[in-house]
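Scroll down for the structure; my scribbles are underneath it.
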Amino acid sequence: MPDIEERYNQLVARLRETALLGSCGHLLGWDEQTNLPKKGAGHRAEQVALLSGLVHEKSTAPELGDMLSDLRNPEDIGGEESPQAAVVREARRQYDRAVKLPRRLVEELSRTETLSQQAWIEARKAKDFAQFLPWLEKVVALKREEADAIGSETGVKYDALLDDYEPGATTEQVQSVFGPLRDALVELVSAIRDSDKQPDISILTRSYPVDVQRQFSISAARAIGFDFDAGRLDVAAHPFCSGIGPGDCRITTRYDEHHFPGAFFGTLHEAGHGIYEQGLPAEHFGTALGHSASLGIHESQSRMWENLVGRSRAFWEHFYKPAQSAFPEALSDVSINDFYAAVNDVRPSWIRVEADEVTYNLHIMLRFELEQAIVSGDLSPADLPGVWNETFQNYFGMTPPDDALGCLQDIHWSAGLIGYFPTYALGNLYAAQFFEQAEADLGDLPEMFRKGEFAPLKSWLNEKIHQRGLQYRADRLVEIVTGKPLSAAPLLNYLHNKIDPLYGL
Ligand SMILES: [Zn+2]
């Protein structure tokens, strides 16, 4: 019997080395999106392919499998819920996922996803689903094969894919929270549509000089706690956050002179992701304890700062005067009430990424239902546009005029990202439930925001969520932090409290 402690230390050293190698790839990825000259794309692809190959080799090495099997008994390393057991549990999960996939399937997936994304771009441009259909069929077939290879405890194919983004989550769990949320939101959206009280959103598309937007966004990101000595903000076509490693987190945004909310709330959103990355315990880099809990929990951090904080009345009671001085031309004749109403505008629209806090969740639920049906085989890809439009009509009371504004709008399925969508709405649900608990623990948060005090909330998130890494899976983390399982109630309460008065409901 090998010495357990020594084996554990070997495992940690190995995981750390693999994560270091992976983080070099992340840095190259960031550079590709922000700085890479066009002609460097080919060489970059080779660099990235080499690194991913090395990471894959390390992640599937038989020695790693041996370490994991020596450490398989949680009782040897502190018990089921100990930090060490979490490190082994998640390393095992990653290892199993990696070794269960035959090399042929991995290569086939990667090739198909690249070509399929090209086909999707063309099909979306041409508003022609038929052009994309053969590729979608191919991706779906491969993802079904992937799901079978990985398997799931529930026996539900979709769960094997969902697990990649939301470790341990199941379709049944997600459905039980999405169900009540969906019914309540469909009703709320229809009431908003019928309301004769609608904000004037044209004030948000006046002239907001880009360099001033940049300064203003940076000052807000700094105020909520993003550490610019441990991160930076750059411009990218598709905004993202990349936690390279301890002390180095890259966030990006994009500016449009005639659309204030895009860059501003986009920066708060990415800064929220960044604050999570910066709050992970540096000493555990490379293991589960230094890793975010799930994509949904990650999204809860970005959504909380973007929406529950950044779109709150109290936040603007602090930031509105500075905003008026920064953008006198756009805002000097606009009252805080009108501005607040405009940044909280809710209206049904075709495009998910442009959707507001309320309708966003319905966009997600639609995709969650359809992708489940596609993976289970209940829905054939050929029937997707019809079912999409019908469901859209049921949720939003309108039917997309073409597939570019319907089922062709997102890159995800063409890129093989099936099982990813629900994490966005889970993020909103987690955010509301965490925020409710933070208020119970910390007292009057709006009063703090009014004074520009964001540190108490940030420290609470650091302690309750960030510092724990992935010691607990998302559902357990929510229970530990809030004392109850995830439910739709906090999000619905939050939305009603904010939206009802704005729309006179
Ligand atoms: Zn996000």
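Order determines the names: the first chain of the structure tokens is A, the second B, and so forth; residues in each chain are numbered 1 upward, and ligands are numbered 1 upward as they are shown.
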Give me every strand (DSSP E) residue in range 94-326 of chain A, going by DSSP on the backbone, as a list in words.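 The strand (DSSP E) residues within range 94-326 of chain A come out as Gly231, Arg232, Leu233, Asp234, Val235, Cys241, Ser242, Gly243, Ile244, Gly245, Asp248, Cys249, Arg250, Ile251, Thr252 and Thr253 of chain A.
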Inset, instruction - Excluding range 457-465 of chain A and residues on its chain fewer than 4 positions from it, collect all residues at most 8 Å away from it, counting only C-alpha atoms, and give them as a list in words. - result: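 What passes the distance filter is Ile224, Gly225, Tyr276, Gly279, Leu280, Ala438, Leu442, Leu445, Gly469, Leu477 and Val481 of chain A.
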DSSP on the backbone: which residues in range 235-299 of chain A end up as alpha helix (DSSP H)? Give the answer as a list in words. Phe260, Pro261, Gly262, Ala263, Phe264, Phe265, Gly266, Thr267, Leu268, His269, Glu270, Ala271, Gly272, His273, Gly274, Ile275, Tyr276, Glu277, Gln278, Gly279, Leu295, Gly296, Ile297, His298 and Glu299 of chain A
Export of prior selection with C-alpha atoms as a PDB file, in the first residue's frame:
```pdb
ATOM      1  CA  PHE A 260     -24.050  53.070 -23.616  1.00  0.00           C
ATOM      2  CA  PRO A 261     -25.247  49.847 -21.920  1.00  0.00           C
ATOM      3  CA  GLY A 262     -23.209  47.475 -24.111  1.00  0.00           C
ATOM      4  CA  ALA A 263     -19.737  48.341 -22.869  1.00  0.00           C
ATOM      5  CA  PHE A 264     -20.733  49.564 -19.418  1.00  0.00           C
ATOM      6  CA  PHE A 265     -22.831  46.613 -18.245  1.00  0.00           C
ATOM      7  CA  GLY A 266     -20.635  44.306 -20.303  1.00  0.00           C
ATOM      8  CA  THR A 267     -17.616  45.492 -18.312  1.00  0.00           C
ATOM      9  CA  LEU A 268     -19.430  45.050 -14.989  1.00  0.00           C
ATOM     10  CA  HIS A 269     -20.412  41.554 -16.138  1.00  0.00           C
ATOM     11  CA  GLU A 270     -16.882  40.520 -17.058  1.00  0.00           C
ATOM     12  CA  ALA A 271     -15.496  42.248 -13.955  1.00  0.00           C
ATOM     13  CA  GLY A 272     -17.900  40.066 -11.927  1.00  0.00           C
ATOM     14  CA  HIS A 273     -16.386  36.967 -13.542  1.00  0.00           C
ATOM     15  CA  GLY A 274     -12.962  38.494 -12.908  1.00  0.00           C
ATOM     16  CA  ILE A 275     -13.614  39.166  -9.221  1.00  0.00           C
ATOM     17  CA  TYR A 276     -14.490  35.473  -8.874  1.00  0.00           C
ATOM     18  CA  GLU A 277     -11.263  34.410 -10.602  1.00  0.00           C
ATOM     19  CA  GLN A 278      -9.234  36.857  -8.496  1.00  0.00           C
ATOM     20  CA  GLY A 279     -10.916  35.532  -5.348  1.00  0.00           C
ATOM     21  CA  LEU A 295     -20.198  27.726 -15.228  1.00  0.00           C
ATOM     22  CA  GLY A 296     -23.531  28.500 -13.569  1.00  0.00           C
ATOM     23  CA  ILE A 297     -21.857  29.700 -10.373  1.00  0.00           C
ATOM     24  CA  HIS A 298     -19.422  31.703 -12.485  1.00  0.00           C
ATOM     25  CA  GLU A 299     -22.326  33.317 -14.297  1.00  0.00           C
TER      26      GLU A 299
END
```
Restricting to only C-alpha atoms and all ligand atoms, whichever of A:Met448, A:Ala455, A:Cys241, A:Leu133 is closest to ligand 1 is A:Cys241
Give me the residues near range 208-215 of chain A as a short mmCIF file (atom, residue, chain, number, x, y, z; two decimals) with N, CA and C atoms, in the first residue's frame, where near means some atom within 9 Å (using only C-alpha atoms) and where sequence neighbours in that chain fewer than 3 positions away do not count.
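New file part.cif:
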```
data_model
loop_
_atom_site.label_atom_id
_atom_site.label_comp_id
_atom_site.auth_asym_id
_atom_site.auth_seq_id
_atom_site.Cartn_x
_atom_site.Cartn_y
_atom_site.Cartn_z
N LEU A 204 -30.27 56.12 -24.38
CA LEU A 204 -29.08 55.27 -24.25
C LEU A 204 -28.29 55.15 -25.55
N THR A 205 -28.87 55.67 -26.64
CA THR A 205 -28.18 55.57 -27.92
C THR A 205 -27.76 56.95 -28.43
N ILE A 218 -14.01 51.57 -16.46
CA ILE A 218 -12.89 51.15 -15.62
C ILE A 218 -13.10 51.62 -14.18
N SER A 219 -13.60 52.86 -14.02
CA SER A 219 -13.76 53.35 -12.65
C SER A 219 -14.85 52.55 -11.92
N ALA A 220 -15.89 52.14 -12.65
CA ALA A 220 -16.93 51.34 -12.01
C ALA A 220 -16.42 49.93 -11.67
N TYR A 255 -16.84 48.56 -27.48
CA TYR A 255 -17.47 49.87 -27.35
C TYR A 255 -18.25 50.25 -28.60
N ASP A 256 -19.37 50.93 -28.36
CA ASP A 256 -20.16 51.49 -29.45
C ASP A 256 -20.57 52.88 -28.98
N GLU A 257 -20.11 53.90 -29.71
CA GLU A 257 -20.38 55.27 -29.27
C GLU A 257 -21.87 55.50 -29.02
N HIS A 258 -22.71 54.83 -29.81
CA HIS A 258 -24.15 55.08 -29.70
C HIS A 258 -24.92 53.99 -28.96
N HIS A 259 -24.25 53.32 -28.06
CA HIS A 259 -24.97 52.34 -27.21
C HIS A 259 -24.26 52.24 -25.88
N PHE A 260 -24.72 53.04 -24.92
CA PHE A 260 -24.05 53.07 -23.62
C PHE A 260 -24.06 51.73 -22.87
N ALA A 263 -21.06 48.40 -23.49
CA ALA A 263 -19.74 48.34 -22.87
C ALA A 263 -19.82 48.47 -21.35
N PHE A 264 -20.71 49.33 -20.86
CA PHE A 264 -20.73 49.56 -19.42
C PHE A 264 -21.18 48.32 -18.65
N ALA A 326 -19.57 62.92 -16.89
CA ALA A 326 -18.76 62.27 -17.92
C ALA A 326 -19.42 62.44 -19.31
N PHE A 327 -20.75 62.37 -19.35
CA PHE A 327 -21.46 62.44 -20.64
C PHE A 327 -22.49 63.57 -20.62
N GLU A 329 -23.37 65.79 -22.76
CA GLU A 329 -24.20 65.95 -23.96
C GLU A 329 -25.37 64.97 -23.95
N ALA A 330 -25.10 63.75 -23.50
CA ALA A 330 -26.15 62.73 -23.54
C ALA A 330 -27.09 62.81 -22.34
#
```
Exercise. Contacts of range 124-131 of chain A at 10 Å or less, counting only C-alpha atoms, minus same-chain residues fewer than 3 places along, as a PyMOL selection string?
Worked result: chain A and resi 119-121+134-136+382+384-385+402-411
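Counting only C-alpha atoms and all ligand atoms and comparing A:Ala432, A:Val353, A:Val375, A:Leu495, the residue that lies closest to ligand 1 is A:Val353.
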- prompt: Quick one: residues within 9 Å of Val177 in chain A, only C-alpha atoms counted, chain neighbours fewer than 3 positions away excluded, as an MDAnalysis selection string?
  reply: chainID A and resid 172:174 180:182 426 429 486:488
*May I have the residues within 10 Å of Gly419 in chain A as a ChimeraX atom specification, using only C-alpha atoms and disregarding those fewer than 5 positions away in the same chain?*
/A:158-166,171,367-368,371-372,375,412-413
Got time to write the residues from that selection, N, CA and C atoms, as a PDB file, in the first residue's frame?
```
ATOM      1  N   TYR A 158     -28.484  13.407 -22.016  1.00  0.00           N
ATOM      2  CA  TYR A 158     -28.194  14.841 -21.901  1.00  0.00           C
ATOM      3  C   TYR A 158     -27.360  15.155 -20.659  1.00  0.00           C
ATOM      4  N   ASP A 159     -27.572  14.383 -19.593  1.00  0.00           N
ATOM      5  CA  ASP A 159     -26.864  14.657 -18.334  1.00  0.00           C
ATOM      6  C   ASP A 159     -25.354  14.517 -18.482  1.00  0.00           C
ATOM      7  N   ALA A 160     -24.935  13.602 -19.367  1.00  0.00           N
ATOM      8  CA  ALA A 160     -23.498  13.411 -19.584  1.00  0.00           C
ATOM      9  C   ALA A 160     -22.884  14.665 -20.189  1.00  0.00           C
ATOM     10  N   LEU A 161     -23.670  15.374 -21.001  1.00  0.00           N
ATOM     11  CA  LEU A 161     -23.163  16.596 -21.640  1.00  0.00           C
ATOM     12  C   LEU A 161     -23.243  17.774 -20.672  1.00  0.00           C
ATOM     13  N   LEU A 162     -24.365  17.878 -19.961  1.00  0.00           N
ATOM     14  CA  LEU A 162     -24.557  18.948 -18.981  1.00  0.00           C
ATOM     15  C   LEU A 162     -23.448  18.940 -17.926  1.00  0.00           C
ATOM     16  N   ASP A 163     -23.037  17.749 -17.540  1.00  0.00           N
ATOM     17  CA  ASP A 163     -22.016  17.568 -16.506  1.00  0.00           C
ATOM     18  C   ASP A 163     -20.682  18.240 -16.853  1.00  0.00           C
ATOM     19  N   ASP A 164     -20.440  18.417 -18.140  1.00  0.00           N
ATOM     20  CA  ASP A 164     -19.192  19.046 -18.568  1.00  0.00           C
ATOM     21  C   ASP A 164     -19.132  20.509 -18.115  1.00  0.00           C
ATOM     22  N   TYR A 165     -20.294  21.146 -17.998  1.00  0.00           N
ATOM     23  CA  TYR A 165     -20.348  22.577 -17.663  1.00  0.00           C
ATOM     24  C   TYR A 165     -20.824  22.827 -16.242  1.00  0.00           C
ATOM     25  N   GLU A 166     -21.701  21.924 -15.772  1.00  0.00           N
ATOM     26  CA  GLU A 166     -22.288  22.083 -14.448  1.00  0.00           C
ATOM     27  C   GLU A 166     -22.102  20.754 -13.723  1.00  0.00           C
ATOM     28  N   THR A 171     -30.675  16.887 -15.554  1.00  0.00           N
ATOM     29  CA  THR A 171     -31.808  17.491 -16.255  1.00  0.00           C
ATOM     30  C   THR A 171     -32.987  17.663 -15.309  1.00  0.00           C
ATOM     31  N   ARG A 367     -34.026  27.048 -25.448  1.00  0.00           N
ATOM     32  CA  ARG A 367     -32.884  26.287 -25.967  1.00  0.00           C
ATOM     33  C   ARG A 367     -32.654  25.003 -25.165  1.00  0.00           C
ATOM     34  N   PHE A 368     -32.823  25.099 -23.849  1.00  0.00           N
ATOM     35  CA  PHE A 368     -32.639  23.944 -22.983  1.00  0.00           C
ATOM     36  C   PHE A 368     -33.620  22.832 -23.372  1.00  0.00           C
ATOM     37  N   GLU A 371     -32.671  21.438 -26.999  1.00  0.00           N
ATOM     38  CA  GLU A 371     -31.441  20.637 -27.121  1.00  0.00           C
ATOM     39  C   GLU A 371     -31.564  19.299 -26.399  1.00  0.00           C
ATOM     40  N   GLN A 372     -32.325  19.301 -25.306  1.00  0.00           N
ATOM     41  CA  GLN A 372     -32.612  18.014 -24.647  1.00  0.00           C
ATOM     42  C   GLN A 372     -33.330  17.066 -25.593  1.00  0.00           C
ATOM     43  N   VAL A 375     -31.005  15.748 -28.235  1.00  0.00           N
ATOM     44  CA  VAL A 375     -30.062  14.742 -27.740  1.00  0.00           C
ATOM     45  C   VAL A 375     -30.780  13.421 -27.452  1.00  0.00           C
ATOM     46  N   HIS A 412     -23.430  28.233 -30.447  1.00  0.00           N
ATOM     47  CA  HIS A 412     -23.190  27.081 -29.570  1.00  0.00           C
ATOM     48  C   HIS A 412     -23.321  25.699 -30.221  1.00  0.00           C
ATOM     49  N   TRP A 413     -24.469  25.445 -30.850  1.00  0.00           N
ATOM     50  CA  TRP A 413     -24.682  24.091 -31.359  1.00  0.00           C
ATOM     51  C   TRP A 413     -23.699  23.757 -32.471  1.00  0.00           C
TER      52      TRP A 413
END
```
